[in-house]
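Encoded as structure tokens, the structure appears first; notes follow it.
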Amino acid sequence: MPEPVNAAATRPPSSFVTGLAWTLIVFNALGILVLLLQNFALDAMIDGTALTLSRTAGLVFLAISVFLTYAAYALLKRRNWARVTYVVVLALAIGSHVLSALALGAGMDFAASQAPPGMENVMRTTLVVSIVLLLGMCIVFVWLIRRLRSPEVKAEFAG
């Protein structure tokens with residue numbers, strides 16, 4: 001028997017979207033706090049042109065963090081633009097992580113050659129672990145994108 005047209009409105013919200021939204025709200029709020037503390041620390045330590053550049057960068061990252069916190073709240077409220085925003089942000093993060101992993105892999109021999117004597121293997125191991133973690137995060141991000149784009153989740157955002 002087909003579901004009624006307003007089934008999406010009567011279906012309870014999924015715990016996946018709710019949990020993801022609250023996790024994003026918490027992490028983004030912590031990011032805002034860290035950025036504010038960094039800006040205060042930079043104000044105390046740096047002056048001149050370097051301060052202007054770091055303050056501008058800090059304000060840009062702060063604005064992005066505030067927007068992403070608001071988008072996480074909108075995700076909690078099942079606003080479709082927020083779902084799309086996080087799909088795009090996660091896709092950009094995947095690209096960034098893949099490029100970072102490639103850069104770490106490409107620079108592994110050079111970094112190991114610059115390590116203090118006897119620490120080459122530690123440097124290589126650290127870089128390999130970093131690459132594995134970056135790629136592992138990509139797998140999680142792909143999974144999140146697939147869930148956010150699934151018909152079940154899309155149905156929560158309809159209407």
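Simple scheme: letters A, B, ... for chains in structure tokens order, numbers from 1 for residues in each chain, numbers from 1 for ligands in the order shown.
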Could the residues of range 11-77 of chain A that have an atom at most 12 Å from range 86-105 of chain A be listed as CSV, each with its closest atom pair and the distance in Å to one decimal, counting only C-alpha atoms and ordered by chain and ascending residue number?
```
residue,atom,partner,partner_atom,distance
A:Val17,CA,A:Tyr86,CA,11.5
A:Leu20,CA,A:Tyr86,CA,10.4
A:Ala21,CA,A:Tyr86,CA,10.0
A:Leu24,CA,A:Tyr86,CA,9.8
A:Ile64,CA,A:Val89,CA,11.0
A:Ser65,CA,A:Val89,CA,11.8
A:Phe67,CA,A:Tyr86,CA,11.3
A:Leu68,CA,A:Tyr86,CA,8.4
A:Thr69,CA,A:Tyr86,CA,10.9
A:Tyr70,CA,A:Tyr86,CA,11.4
A:Ala71,CA,A:Tyr86,CA,7.9
A:Ala72,CA,A:Tyr86,CA,8.2
A:Tyr73,CA,A:Tyr86,CA,11.6
A:Ala74,CA,A:Tyr86,CA,10.7
A:Leu75,CA,A:Tyr86,CA,8.7
```
- prompt: Mind pulling up the distance from CA of Val140 in chain A to CA of Gly107 in chain A?
  reply: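 These two atoms are separated by 25.1 Å.
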Pull the alpha helix (DSSP H) assignments for chain A out of DSSP run on the backbone, and list those residues as a JSON list (two decimals) with N, CA and C atoms, in the first residue's frame.
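Below is the file states_6.json, written as the result:
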```json
[["chain", "number", "residue", "atom", "x", "y", "z"],
["A", 7, "ALA", "N", 3.50, 11.65, 4.21],
["A", 7, "ALA", "CA", 4.17, 10.68, 5.08],
["A", 7, "ALA", "C", 5.48, 11.24, 5.63],
["A", 8, "ALA", "N", 6.19, 12.03, 4.83],
["A", 8, "ALA", "CA", 7.46, 12.60, 5.30],
["A", 8, "ALA", "C", 7.23, 13.53, 6.48],
["A", 9, "ALA", "N", 6.11, 14.23, 6.48],
["A", 9, "ALA", "CA", 5.82, 15.16, 7.57],
["A", 9, "ALA", "C", 5.43, 14.42, 8.84],
["A", 10, "THR", "N", 4.83, 13.22, 8.71],
["A", 10, "THR", "CA", 4.40, 12.49, 9.89],
["A", 10, "THR", "C", 5.46, 11.53, 10.40],
["A", 15, "SER", "N", 17.43, 9.55, 13.72],
["A", 15, "SER", "CA", 18.48, 9.82, 14.70],
["A", 15, "SER", "C", 19.80, 10.13, 14.01],
["A", 16, "PHE", "N", 19.97, 9.65, 12.75],
["A", 16, "PHE", "CA", 21.20, 9.96, 12.02],
["A", 16, "PHE", "C", 21.36, 11.46, 11.81],
["A", 17, "VAL", "N", 20.33, 12.11, 11.26],
["A", 17, "VAL", "CA", 20.41, 13.54, 10.98],
["A", 17, "VAL", "C", 20.51, 14.33, 12.28],
["A", 18, "THR", "N", 19.72, 13.95, 13.27],
["A", 18, "THR", "CA", 19.76, 14.65, 14.56],
["A", 18, "THR", "C", 21.14, 14.53, 15.20],
["A", 19, "GLY", "N", 21.68, 13.32, 15.22],
["A", 19, "GLY", "CA", 23.01, 13.11, 15.81],
["A", 19, "GLY", "C", 24.10, 13.84, 15.06],
["A", 20, "LEU", "N", 24.03, 13.78, 13.73],
["A", 20, "LEU", "CA", 25.02, 14.50, 12.92],
["A", 20, "LEU", "C", 24.93, 16.00, 13.16],
["A", 21, "ALA", "N", 23.71, 16.53, 13.19],
["A", 21, "ALA", "CA", 23.53, 17.97, 13.39],
["A", 21, "ALA", "C", 24.09, 18.40, 14.74],
["A", 22, "TRP", "N", 23.77, 17.66, 15.80],
["A", 22, "TRP", "CA", 24.28, 18.04, 17.13],
["A", 22, "TRP", "C", 25.81, 17.92, 17.20],
["A", 23, "THR", "N", 26.35, 16.89, 16.56],
["A", 23, "THR", "CA", 27.81, 16.74, 16.53],
["A", 23, "THR", "C", 28.46, 17.92, 15.82],
["A", 24, "LEU", "N", 27.88, 18.31, 14.68],
["A", 24, "LEU", "CA", 28.41, 19.45, 13.94],
["A", 24, "LEU", "C", 28.27, 20.75, 14.72],
["A", 25, "ILE", "N", 27.16, 20.92, 15.42],
["A", 25, "ILE", "CA", 26.96, 22.13, 16.24],
["A", 25, "ILE", "C", 28.05, 22.21, 17.31],
["A", 26, "VAL", "N", 28.29, 21.10, 18.00],
["A", 26, "VAL", "CA", 29.29, 21.09, 19.08],
["A", 26, "VAL", "C", 30.68, 21.36, 18.54],
["A", 27, "PHE", "N", 31.07, 20.63, 17.48],
["A", 27, "PHE", "CA", 32.42, 20.81, 16.94],
["A", 27, "PHE", "C", 32.62, 22.20, 16.34],
["A", 28, "ASN", "N", 31.61, 22.71, 15.65],
["A", 28, "ASN", "CA", 31.74, 24.06, 15.09],
["A", 28, "ASN", "C", 31.80, 25.12, 16.19],
["A", 29, "ALA", "N", 31.01, 24.94, 17.25],
["A", 29, "ALA", "CA", 31.06, 25.89, 18.37],
["A", 29, "ALA", "C", 32.44, 25.85, 19.03],
["A", 30, "LEU", "N", 33.00, 24.67, 19.18],
["A", 30, "LEU", "CA", 34.36, 24.57, 19.73],
["A", 30, "LEU", "C", 35.37, 25.23, 18.79],
["A", 31, "GLY", "N", 35.15, 25.08, 17.49],
["A", 31, "GLY", "CA", 36.02, 25.74, 16.52],
["A", 31, "GLY", "C", 35.96, 27.25, 16.63],
["A", 32, "ILE", "N", 34.77, 27.78, 16.86],
["A", 32, "ILE", "CA", 34.62, 29.22, 17.06],
["A", 32, "ILE", "C", 35.39, 29.66, 18.29],
["A", 33, "LEU", "N", 35.27, 28.91, 19.36],
["A", 33, "LEU", "CA", 35.99, 29.24, 20.60],
["A", 33, "LEU", "C", 37.50, 29.23, 20.37],
["A", 34, "VAL", "N", 38.00, 28.21, 19.69],
["A", 34, "VAL", "CA", 39.43, 28.12, 19.41],
["A", 34, "VAL", "C", 39.88, 29.30, 18.55],
["A", 35, "LEU", "N", 39.11, 29.64, 17.53],
["A", 35, "LEU", "CA", 39.47, 30.77, 16.67],
["A", 35, "LEU", "C", 39.50, 32.09, 17.45],
["A", 36, "LEU", "N", 38.53, 32.28, 18.35],
["A", 36, "LEU", "CA", 38.54, 33.50, 19.17],
["A", 36, "LEU", "C", 39.78, 33.54, 20.07],
["A", 37, "LEU", "N", 40.12, 32.41, 20.68],
["A", 37, "LEU", "CA", 41.31, 32.36, 21.54],
["A", 37, "LEU", "C", 42.58, 32.59, 20.73],
["A", 38, "GLN", "N", 42.65, 32.03, 19.52],
["A", 38, "GLN", "CA", 43.81, 32.25, 18.67],
["A", 38, "GLN", "C", 43.94, 33.72, 18.29],
["A", 39, "ASN", "N", 42.83, 34.35, 17.98],
["A", 39, "ASN", "CA", 42.88, 35.76, 17.63],
["A", 39, "ASN", "C", 43.36, 36.61, 18.79],
["A", 40, "PHE", "N", 42.90, 36.31, 20.00],
["A", 40, "PHE", "CA", 43.37, 37.05, 21.18],
["A", 40, "PHE", "C", 44.85, 36.81, 21.40],
["A", 41, "ALA", "N", 45.31, 35.56, 21.23],
["A", 41, "ALA", "CA", 46.73, 35.25, 21.42],
["A", 41, "ALA", "C", 47.57, 35.96, 20.38],
["A", 42, "LEU", "N", 47.11, 35.97, 19.12],
["A", 42, "LEU", "CA", 47.87, 36.65, 18.07],
["A", 42, "LEU", "C", 47.93, 38.15, 18.31],
["A", 43, "ASP", "N", 46.85, 38.73, 18.80],
["A", 43, "ASP", "CA", 46.85, 40.16, 19.13],
["A", 43, "ASP", "C", 47.92, 40.48, 20.16],
["A", 44, "ALA", "N", 48.12, 39.58, 21.10],
["A", 44, "ALA", "CA", 49.09, 39.81, 22.16],
["A", 44, "ALA", "C", 50.53, 39.61, 21.70],
["A", 45, "MET", "N", 50.73, 38.78, 20.67],
["A", 45, "MET", "CA", 52.10, 38.42, 20.28],
["A", 45, "MET", "C", 52.61, 39.13, 19.03],
["A", 49, "THR", "N", 52.00, 44.46, 10.00],
["A", 49, "THR", "CA", 51.38, 43.85, 8.83],
["A", 49, "THR", "C", 51.01, 42.40, 9.07],
["A", 50, "ALA", "N", 51.86, 41.68, 9.76],
["A", 50, "ALA", "CA", 51.57, 40.27, 10.04],
["A", 50, "ALA", "C", 50.28, 40.15, 10.85],
["A", 51, "LEU", "N", 50.04, 41.08, 11.76],
["A", 51, "LEU", "CA", 48.81, 41.06, 12.55],
["A", 51, "LEU", "C", 47.60, 41.30, 11.65],
["A", 52, "THR", "N", 47.72, 42.23, 10.72],
["A", 52, "THR", "CA", 46.60, 42.51, 9.82],
["A", 52, "THR", "C", 46.26, 41.29, 8.99],
["A", 53, "LEU", "N", 47.26, 40.61, 8.46],
["A", 53, "LEU", "CA", 47.02, 39.40, 7.66],
["A", 53, "LEU", "C", 46.44, 38.28, 8.51],
["A", 54, "SER", "N", 47.00, 38.07, 9.69],
["A", 54, "SER", "CA", 46.50, 36.99, 10.54],
["A", 54, "SER", "C", 45.10, 37.31, 11.05],
["A", 55, "ARG", "N", 44.84, 38.58, 11.35],
["A", 55, "ARG", "CA", 43.50, 38.96, 11.81],
["A", 55, "ARG", "C", 42.47, 38.77, 10.69],
["A", 56, "THR", "N", 42.84, 39.13, 9.46],
["A", 56, "THR", "CA", 41.94, 38.95, 8.32],
["A", 56, "THR", "C", 41.65, 37.47, 8.11],
["A", 57, "ALA", "N", 42.69, 36.65, 8.13],
["A", 57, "ALA", "CA", 42.49, 35.21, 7.97],
["A", 57, "ALA", "C", 41.64, 34.66, 9.11],
["A", 58, "GLY", "N", 41.92, 35.11, 10.32],
["A", 58, "GLY", "CA", 41.15, 34.67, 11.47],
["A", 58, "GLY", "C", 39.68, 35.03, 11.36],
["A", 59, "LEU", "N", 39.41, 36.25, 10.88],
["A", 59, "LEU", "CA", 38.01, 36.67, 10.72],
["A", 59, "LEU", "C", 37.30, 35.89, 9.62],
["A", 60, "VAL", "N", 38.03, 35.57, 8.55],
["A", 60, "VAL", "CA", 37.44, 34.76, 7.48],
["A", 60, "VAL", "C", 37.07, 33.37, 8.02],
["A", 61, "PHE", "N", 38.01, 32.74, 8.73],
["A", 61, "PHE", "CA", 37.73, 31.42, 9.29],
["A", 61, "PHE", "C", 36.64, 31.48, 10.36],
["A", 62, "LEU", "N", 36.60, 32.56, 11.10],
["A", 62, "LEU", "CA", 35.55, 32.73, 12.10],
["A", 62, "LEU", "C", 34.19, 32.85, 11.42],
["A", 63, "ALA", "N", 34.12, 33.63, 10.35],
["A", 63, "ALA", "CA", 32.85, 33.77, 9.61],
["A", 63, "ALA", "C", 32.41, 32.43, 9.03],
["A", 64, "ILE", "N", 33.35, 31.66, 8.49],
["A", 64, "ILE", "CA", 33.01, 30.35, 7.96],
["A", 64, "ILE", "C", 32.50, 29.44, 9.07],
["A", 65, "SER", "N", 33.16, 29.47, 10.21],
["A", 65, "SER", "CA", 32.73, 28.63, 11.34],
["A", 65, "SER", "C", 31.35, 29.02, 11.85],
["A", 66, "VAL", "N", 31.09, 30.31, 11.92],
["A", 66, "VAL", "CA", 29.76, 30.77, 12.35],
["A", 66, "VAL", "C", 28.71, 30.30, 11.34],
["A", 67, "PHE", "N", 29.00, 30.45, 10.05],
["A", 67, "PHE", "CA", 28.06, 30.00, 9.02],
["A", 67, "PHE", "C", 27.81, 28.49, 9.13],
["A", 68, "LEU", "N", 28.88, 27.70, 9.31],
["A", 68, "LEU", "CA", 28.72, 26.26, 9.39],
["A", 68, "LEU", "C", 27.99, 25.84, 10.67],
["A", 69, "THR", "N", 28.14, 26.62, 11.74],
["A", 69, "THR", "CA", 27.37, 26.33, 12.95],
["A", 69, "THR", "C", 25.89, 26.60, 12.69],
["A", 70, "TYR", "N", 25.60, 27.69, 12.02],
["A", 70, "TYR", "CA", 24.21, 28.00, 11.67],
["A", 70, "TYR", "C", 23.65, 26.94, 10.71],
["A", 71, "ALA", "N", 24.47, 26.49, 9.76],
["A", 71, "ALA", "CA", 24.02, 25.45, 8.83],
["A", 71, "ALA", "C", 23.76, 24.14, 9.57],
["A", 72, "ALA", "N", 24.56, 23.85, 10.60],
["A", 72, "ALA", "CA", 24.32, 22.64, 11.40],
["A", 72, "ALA", "C", 22.99, 22.75, 12.15],
["A", 73, "TYR", "N", 22.71, 23.94, 12.67],
["A", 73, "TYR", "CA", 21.41, 24.18, 13.32],
["A", 73, "TYR", "C", 20.28, 24.01, 12.30],
["A", 74, "ALA", "N", 20.48, 24.53, 11.09],
["A", 74, "ALA", "CA", 19.47, 24.39, 10.04],
["A", 74, "ALA", "C", 19.31, 22.92, 9.64],
["A", 75, "LEU", "N", 20.39, 22.16, 9.69],
["A", 75, "LEU", "CA", 20.32, 20.72, 9.43],
["A", 75, "LEU", "C", 19.44, 20.05, 10.49],
["A", 76, "LEU", "N", 19.60, 20.47, 11.72],
["A", 76, "LEU", "CA", 18.77, 19.96, 12.82],
["A", 76, "LEU", "C", 17.30, 20.27, 12.56],
["A", 80, "ASN", "N", 16.71, 21.96, 3.73],
["A", 80, "ASN", "CA", 17.41, 21.27, 2.65],
["A", 80, "ASN", "C", 18.70, 21.97, 2.25],
["A", 81, "TRP", "N", 18.73, 23.30, 2.28],
["A", 81, "TRP", "CA", 19.96, 24.01, 1.91],
["A", 81, "TRP", "C", 21.11, 23.62, 2.83],
["A", 82, "ALA", "N", 20.82, 23.30, 4.09],
["A", 82, "ALA", "CA", 21.87, 22.90, 5.03],
["A", 82, "ALA", "C", 22.40, 21.51, 4.68],
["A", 83, "ARG", "N", 21.50, 20.61, 4.28],
["A", 83, "ARG", "CA", 21.92, 19.27, 3.84],
["A", 83, "ARG", "C", 22.84, 19.39, 2.64],
["A", 84, "VAL", "N", 22.46, 20.20, 1.66],
["A", 84, "VAL", "CA", 23.28, 20.40, 0.47],
["A", 84, "VAL", "C", 24.61, 21.05, 0.84],
["A", 85, "THR", "N", 24.57, 22.03, 1.73],
["A", 85, "THR", "CA", 25.80, 22.69, 2.18],
["A", 85, "THR", "C", 26.78, 21.69, 2.76],
["A", 86, "TYR", "N", 26.30, 20.80, 3.62],
["A", 86, "TYR", "CA", 27.21, 19.84, 4.23],
["A", 86, "TYR", "C", 27.69, 18.78, 3.24],
["A", 87, "VAL", "N", 26.89, 18.44, 2.24],
["A", 87, "VAL", "CA", 27.37, 17.54, 1.19],
["A", 87, "VAL", "C", 28.54, 18.20, 0.46],
["A", 88, "VAL", "N", 28.41, 19.48, 0.14],
["A", 88, "VAL", "CA", 29.48, 20.21, -0.55],
["A", 88, "VAL", "C", 30.71, 20.35, 0.35],
["A", 89, "VAL", "N", 30.51, 20.71, 1.60],
["A", 89, "VAL", "CA", 31.63, 20.88, 2.53],
["A", 89, "VAL", "C", 32.38, 19.56, 2.71],
["A", 90, "LEU", "N", 31.65, 18.46, 2.85],
["A", 90, "LEU", "CA", 32.29, 17.15, 3.00],
["A", 90, "LEU", "C", 33.04, 16.76, 1.72],
["A", 91, "ALA", "N", 32.49, 17.08, 0.56],
["A", 91, "ALA", "CA", 33.18, 16.79, -0.71],
["A", 91, "ALA", "C", 34.47, 17.60, -0.81],
["A", 92, "LEU", "N", 34.42, 18.87, -0.42],
["A", 92, "LEU", "CA", 35.64, 19.69, -0.41],
["A", 92, "LEU", "C", 36.66, 19.15, 0.57],
["A", 93, "ALA", "N", 36.19, 18.67, 1.72],
["A", 93, "ALA", "CA", 37.10, 18.09, 2.72],
["A", 93, "ALA", "C", 37.77, 16.83, 2.17],
["A", 94, "ILE", "N", 37.02, 16.03, 1.42],
["A", 94, "ILE", "CA", 37.61, 14.83, 0.81],
["A", 94, "ILE", "C", 38.74, 15.25, -0.13],
["A", 95, "GLY", "N", 38.48, 16.23, -0.98],
["A", 95, "GLY", "CA", 39.51, 16.71, -1.89],
["A", 95, "GLY", "C", 40.74, 17.21, -1.15],
["A", 96, "SER", "N", 40.51, 17.97, -0.11],
["A", 96, "SER", "CA", 41.61, 18.50, 0.70],
["A", 96, "SER", "C", 42.41, 17.38, 1.36],
["A", 97, "HIS", "N", 41.72, 16.39, 1.89],
["A", 97, "HIS", "CA", 42.41, 15.27, 2.56],
["A", 97, "HIS", "C", 43.20, 14.43, 1.57],
["A", 98, "VAL", "N", 42.64, 14.20, 0.39],
["A", 98, "VAL", "CA", 43.36, 13.42, -0.62],
["A", 98, "VAL", "C", 44.62, 14.17, -1.05],
["A", 99, "LEU", "N", 44.50, 15.47, -1.31],
["A", 99, "LEU", "CA", 45.67, 16.25, -1.68],
["A", 99, "LEU", "C", 46.72, 16.26, -0.57],
["A", 100, "SER", "N", 46.27, 16.37, 0.68],
["A", 100, "SER", "CA", 47.20, 16.34, 1.81],
["A", 100, "SER", "C", 47.91, 15.00, 1.90],
["A", 101, "ALA", "N", 47.17, 13.91, 1.71],
["A", 101, "ALA", "CA", 47.78, 12.58, 1.76],
["A", 101, "ALA", "C", 48.81, 12.42, 0.64],
["A", 102, "LEU", "N", 48.48, 12.92, -0.56],
["A", 102, "LEU", "CA", 49.43, 12.85, -1.68],
["A", 102, "LEU", "C", 50.68, 13.67, -1.38],
["A", 103, "ALA", "N", 50.49, 14.85, -0.81],
["A", 103, "ALA", "CA", 51.64, 15.70, -0.48],
["A", 103, "ALA", "C", 52.51, 15.05, 0.59],
["A", 104, "LEU", "N", 51.88, 14.46, 1.58],
["A", 104, "LEU", "CA", 52.66, 13.77, 2.62],
["A", 104, "LEU", "C", 53.42, 12.59, 2.03],
["A", 105, "GLY", "N", 52.75, 11.85, 1.16],
["A", 105, "GLY", "CA", 53.41, 10.71, 0.52],
["A", 105, "GLY", "C", 54.58, 11.15, -0.35],
["A", 106, "ALA", "N", 54.37, 12.22, -1.09],
["A", 106, "ALA", "CA", 55.43, 12.72, -1.98],
["A", 106, "ALA", "C", 56.62, 13.25, -1.19],
["A", 108, "MET", "N", 57.61, 12.22, 1.80],
["A", 108, "MET", "CA", 58.02, 11.31, 2.87],
["A", 108, "MET", "C", 59.53, 11.10, 2.92],
["A", 109, "ASP", "N", 60.16, 10.83, 1.79],
["A", 109, "ASP", "CA", 61.61, 10.59, 1.77],
["A", 109, "ASP", "C", 62.38, 11.84, 2.17],
["A", 110, "PHE", "N", 61.92, 13.01, 1.67],
["A", 110, "PHE", "CA", 62.59, 14.25, 2.03],
["A", 110, "PHE", "C", 62.46, 14.51, 3.53],
["A", 111, "ALA", "N", 61.26, 14.34, 4.07],
["A", 111, "ALA", "CA", 61.04, 14.58, 5.50],
["A", 111, "ALA", "C", 61.88, 13.63, 6.34],
["A", 112, "ALA", "N", 61.95, 12.38, 5.92],
["A", 112, "ALA", "CA", 62.75, 11.41, 6.67],
["A", 112, "ALA", "C", 64.23, 11.76, 6.59],
["A", 113, "SER", "N", 64.68, 12.29, 5.47],
["A", 113, "SER", "CA", 66.09, 12.66, 5.34],
["A", 113, "SER", "C", 66.44, 13.87, 6.20],
["A", 114, "GLN", "N", 65.45, 14.68, 6.56],
["A", 114, "GLN", "CA", 65.69, 15.87, 7.38],
["A", 114, "GLN", "C", 65.57, 15.57, 8.88],
["A", 120, "GLU", "N", 64.66, 8.52, 11.38],
["A", 120, "GLU", "CA", 64.06, 8.43, 10.05],
["A", 120, "GLU", "C", 62.83, 7.52, 10.04],
["A", 121, "ASN", "N", 62.93, 6.37, 10.70],
["A", 121, "ASN", "CA", 61.81, 5.43, 10.73],
["A", 121, "ASN", "C", 60.62, 6.00, 11.51],
["A", 122, "VAL", "N", 60.91, 6.75, 12.56],
["A", 122, "VAL", "CA", 59.83, 7.38, 13.32],
["A", 122, "VAL", "C", 59.10, 8.39, 12.44],
["A", 123, "MET", "N", 59.88, 9.17, 11.67],
["A", 123, "MET", "CA", 59.28, 10.16, 10.77],
["A", 123, "MET", "C", 58.43, 9.47, 9.71],
["A", 124, "ARG", "N", 58.96, 8.41, 9.11],
["A", 124, "ARG", "CA", 58.19, 7.69, 8.07],
["A", 124, "ARG", "C", 56.91, 7.09, 8.67],
["A", 125, "THR", "N", 57.03, 6.49, 9.85],
["A", 125, "THR", "CA", 55.86, 5.88, 10.49],
["A", 125, "THR", "C", 54.81, 6.94, 10.81],
["A", 126, "THR", "N", 55.25, 8.09, 11.29],
["A", 126, "THR", "CA", 54.32, 9.18, 11.58],
["A", 126, "THR", "C", 53.60, 9.63, 10.32],
["A", 127, "LEU", "N", 54.33, 9.76, 9.23],
["A", 127, "LEU", "CA", 53.72, 10.17, 7.97],
["A", 127, "LEU", "C", 52.75, 9.12, 7.44],
["A", 128, "VAL", "N", 53.12, 7.84, 7.55],
["A", 128, "VAL", "CA", 52.22, 6.77, 7.09],
["A", 128, "VAL", "C", 50.94, 6.76, 7.91],
["A", 129, "VAL", "N", 51.06, 6.89, 9.23],
["A", 129, "VAL", "CA", 49.88, 6.94, 10.10],
["A", 129, "VAL", "C", 49.01, 8.14, 9.73],
["A", 130, "SER", "N", 49.64, 9.28, 9.47],
["A", 130, "SER", "CA", 48.89, 10.48, 9.07],
["A", 130, "SER", "C", 48.14, 10.25, 7.77],
["A", 131, "ILE", "N", 48.78, 9.62, 6.81],
["A", 131, "ILE", "CA", 48.13, 9.33, 5.52],
["A", 131, "ILE", "C", 46.95, 8.38, 5.72],
["A", 132, "VAL", "N", 47.14, 7.35, 6.52],
["A", 132, "VAL", "CA", 46.06, 6.39, 6.78],
["A", 132, "VAL", "C", 44.88, 7.08, 7.46],
["A", 133, "LEU", "N", 45.17, 7.95, 8.42],
["A", 133, "LEU", "CA", 44.09, 8.69, 9.10],
["A", 133, "LEU", "C", 43.36, 9.62, 8.13],
["A", 134, "LEU", "N", 44.09, 10.32, 7.29],
["A", 134, "LEU", "CA", 43.46, 11.20, 6.30],
["A", 134, "LEU", "C", 42.54, 10.41, 5.37],
["A", 135, "LEU", "N", 43.03, 9.28, 4.89],
["A", 135, "LEU", "CA", 42.21, 8.47, 3.98],
["A", 135, "LEU", "C", 41.04, 7.82, 4.72],
["A", 136, "GLY", "N", 41.25, 7.46, 5.97],
["A", 136, "GLY", "CA", 40.14, 6.93, 6.79],
["A", 136, "GLY", "C", 39.05, 7.97, 6.98],
["A", 137, "MET", "N", 39.44, 9.21, 7.19],
["A", 137, "MET", "CA", 38.46, 10.28, 7.31],
["A", 137, "MET", "C", 37.71, 10.47, 5.99],
["A", 138, "CYS", "N", 38.40, 10.30, 4.86],
["A", 138, "CYS", "CA", 37.73, 10.38, 3.56],
["A", 138, "CYS", "C", 36.64, 9.32, 3.45],
["A", 139, "ILE", "N", 36.92, 8.12, 3.93],
["A", 139, "ILE", "CA", 35.92, 7.05, 3.89],
["A", 139, "ILE", "C", 34.70, 7.43, 4.72],
["A", 140, "VAL", "N", 34.92, 8.00, 5.90],
["A", 140, "VAL", "CA", 33.81, 8.45, 6.74],
["A", 140, "VAL", "C", 33.03, 9.56, 6.04],
["A", 141, "PHE", "N", 33.73, 10.49, 5.41],
["A", 141, "PHE", "CA", 33.06, 11.59, 4.72],
["A", 141, "PHE", "C", 32.23, 11.08, 3.54],
["A", 142, "VAL", "N", 32.76, 10.10, 2.80],
["A", 142, "VAL", "CA", 32.00, 9.51, 1.70],
["A", 142, "VAL", "C", 30.73, 8.86, 2.24],
["A", 143, "TRP", "N", 30.86, 8.14, 3.35],
["A", 143, "TRP", "CA", 29.69, 7.50, 3.97],
["A", 143, "TRP", "C", 28.66, 8.55, 4.38],
["A", 144, "LEU", "N", 29.11, 9.65, 4.99],
["A", 144, "LEU", "CA", 28.19, 10.71, 5.39],
["A", 144, "LEU", "C", 27.49, 11.34, 4.19],
["A", 145, "ILE", "N", 28.23, 11.57, 3.12],
["A", 145, "ILE", "CA", 27.63, 12.13, 1.90],
["A", 145, "ILE", "C", 26.58, 11.17, 1.35],
["A", 146, "ARG", "N", 26.91, 9.90, 1.31],
["A", 146, "ARG", "CA", 25.94, 8.91, 0.80],
["A", 146, "ARG", "C", 24.68, 8.90, 1.65],
["A", 147, "ARG", "N", 24.84, 8.98, 2.96],
["A", 147, "ARG", "CA", 23.66, 9.00, 3.85],
["A", 147, "ARG", "C", 22.86, 10.27, 3.66],
["A", 148, "LEU", "N", 23.55, 11.42, 3.56],
["A", 148, "LEU", "CA", 22.83, 12.68, 3.38],
["A", 148, "LEU", "C", 22.12, 12.75, 2.03],
["A", 151, "PRO", "N", 17.65, 8.50, -0.30],
["A", 151, "PRO", "CA", 16.23, 8.87, -0.40],
["A", 151, "PRO", "C", 15.54, 9.02, 0.96],
["A", 152, "GLU", "N", 15.93, 8.20, 1.92],
["A", 152, "GLU", "CA", 15.30, 8.28, 3.25],
["A", 152, "GLU", "C", 15.60, 9.62, 3.92],
["A", 153, "VAL", "N", 16.85, 10.05, 3.84],
["A", 153, "VAL", "CA", 17.22, 11.32, 4.45],
["A", 153, "VAL", "C", 16.65, 12.48, 3.66],
["A", 154, "LYS", "N", 16.70, 12.40, 2.34],
["A", 154, "LYS", "CA", 16.12, 13.46, 1.51],
["A", 154, "LYS", "C", 14.64, 13.66, 1.82],
["A", 155, "ALA", "N", 13.96, 12.56, 2.12],
["A", 155, "ALA", "CA", 12.53, 12.64, 2.42],
["A", 155, "ALA", "C", 12.26, 13.46, 3.69],
["A", 156, "GLU", "N", 13.22, 13.43, 4.62],
["A", 156, "GLU", "CA", 13.05, 14.24, 5.85],
["A", 156, "GLU", "C", 13.11, 15.73, 5.54]]
```
